[in-house]
Amino acid sequence: MLINTAEKRKPGFRLAASATAFAVCVIILGAFTRLADAGLGCPDWPVCYGHILWPMDAEEVAVANAAFPDTPVEHDKTWPEQVHRLLATGLGFFCIALVGLAWRDRIKNHDSLSPFKLPLFLLGMVILQGMFGRWTVTLNLWPQVVTAHLMGGFTTLSLLWLLTLRLNNYQWTVSPSVMQSLQSIKPVLITVFILVVFQIMLGGWTSSNYAALACPDLPTCQTVWWPEMDFSTGFNFAQAIGPNYLGGVMDSAARTAIHFSHRIGAIIVTISVLYLVWRLLKTGLAAAKLWAITLAVVLFVQVSLGLSNIIWSLPLPVAVAHNAVGAMLLLVFVGLSHRFYTAKVQA
């Protein structure tokens, strides 16, 4: 196996790693903001009641309430919304720095193999995320935008992690027999990866439509195995905009259809991931076994958190952790895919 050293790393590795860690914080705070019903904590954008931070003293609150009589200041909702915006802006500066560093490396070393398109794409993603953040407010938590905003955040985090891995410049060097085994696992890896992404999207749709508690019991749903469900309404992605989606607008049958689908998806993903873990353990490659164990542990934690959300009626810390570990599961798949697609046969 290749032993990676700091000298083999490409310029920008530490910055990309720091940006990835920062993006994790942004996503966690974003989940907290959404789950605490603080998505409309600031009725204007990009400021909050006209402030760079938010109204704090009694006089500022009085002025803000007069300017926005339909949305009076709620201190427990204004700060997470605006801090999330400020942190997201900070992530944008990270991406600008990554583009600048990649450009400088390209000018300095004309034959540089350091990524340039990826940092540029990341900057574009962060700008798009800013627009989704704006539309989340101006369209009053329209589920399509809220879900897209969530997936955009997960995509940005995944790409930052991929950039970090590429700049780390580490590859598996394996025997021909192990390479053959890895090649046979690739289709399974990609299929399960896609299933995980769809499950995360389904989780975002569940959250944005306030369907997390539509089935309050386990293993049944509303005490039956097949409750009344309205899939056509629950998955109507062309639903009209407005006036306000805070708390959700769908009826019980539609929300149940969403929740039930997410629950079935969780079963499918769990079985698929465990099969992938089994295949990785059979490769005989120590590094692959370590990734398999990591994947199994993250899956176990994620499933436990999902069940806890139902058993204890969506406690905020558990719900936020469920989002965070979902992001971790995605990062494991990105890392594992990078290892598979950069592996080379030992000379």
# chains A, B, ... in the order shown; residues from 1 in each chain; ligands from 1

call {"tool": "residues_around", "arguments": {"residues": "region 287-289 of chain A", "least_positions_apart": "5", "cutoff": "9 Å", "atoms": "only C-alpha atoms", "output": "list of chain:residue names"}}
result
A:Trp172, A:Val277, A:Leu280, A:Leu281, A:Lys282, A:Thr294, A:Leu336, A:Arg339

call {"tool": "residues_around", "arguments": {"residues": "region 250-266 of chain A", "least_positions_apart": "4", "cutoff": "10 Å", "atoms": "only C-alpha atoms", "output": "number ranges by chain"}}
result
A: 195-196, 198-207, 209-215, 219-222, 226-236, 245, 270-272, 302-303, 306-307

call {"tool": "closest_residue", "arguments": {"among": "A:Val73, A:Leu162, A:Ala102, A:Ala58", "to": "Ala17 (chain A)", "atoms": "only C-alpha atoms"}}
result
A:Leu162

call {"tool": "residues_around", "arguments": {"residues": "Val334 (chain A)", "least_positions_apart": "6", "cutoff": "12 Å", "atoms": "only C-alpha atoms", "output": "VMD selection string"}}
result
chain A and resid 154 to 155 157 to 166 189 to 190 192 to 194 196 to 197 291 295 327 to 328 340 to 341

call {"tool": "closest_residue", "arguments": {"among": "A:Thr173, A:Thr78, A:Thr138, A:Asn65", "to": "Cys48 (chain A)", "atoms": "only C-alpha atoms"}}
result
A:Thr78

call {"tool": "atom_distance", "arguments": {"atom1": "CA of Asp44 (chain A)", "atom2": "CA of Phe68 (chain A)"}}
result
9.3 Å

call {"tool": "atom_distance", "arguments": {"atom1": "CA of Leu299 (chain A)", "atom2": "CA of Phe22 (chain A)"}}
result
23.0 Å

call {"tool": "closest_residue", "arguments": {"among": "A:Gln144, A:Val318, A:Tyr49, A:Thr156", "to": "Ala62 (chain A)", "atoms": "only C-alpha atoms"}}
result
A:Tyr49

call {"tool": "atom_distance", "arguments": {"atom1": "CA of Leu150 (chain A)", "atom2": "CA of Arg85 (chain A)"}}
result
13.7 Å

call {"tool": "closest_residue", "arguments": {"among": "A:Asp76, A:Leu167, A:Leu139, A:Ser114", "to": "Leu15 (chain A)", "atoms": "only C-alpha atoms"}}
result
A:Leu167
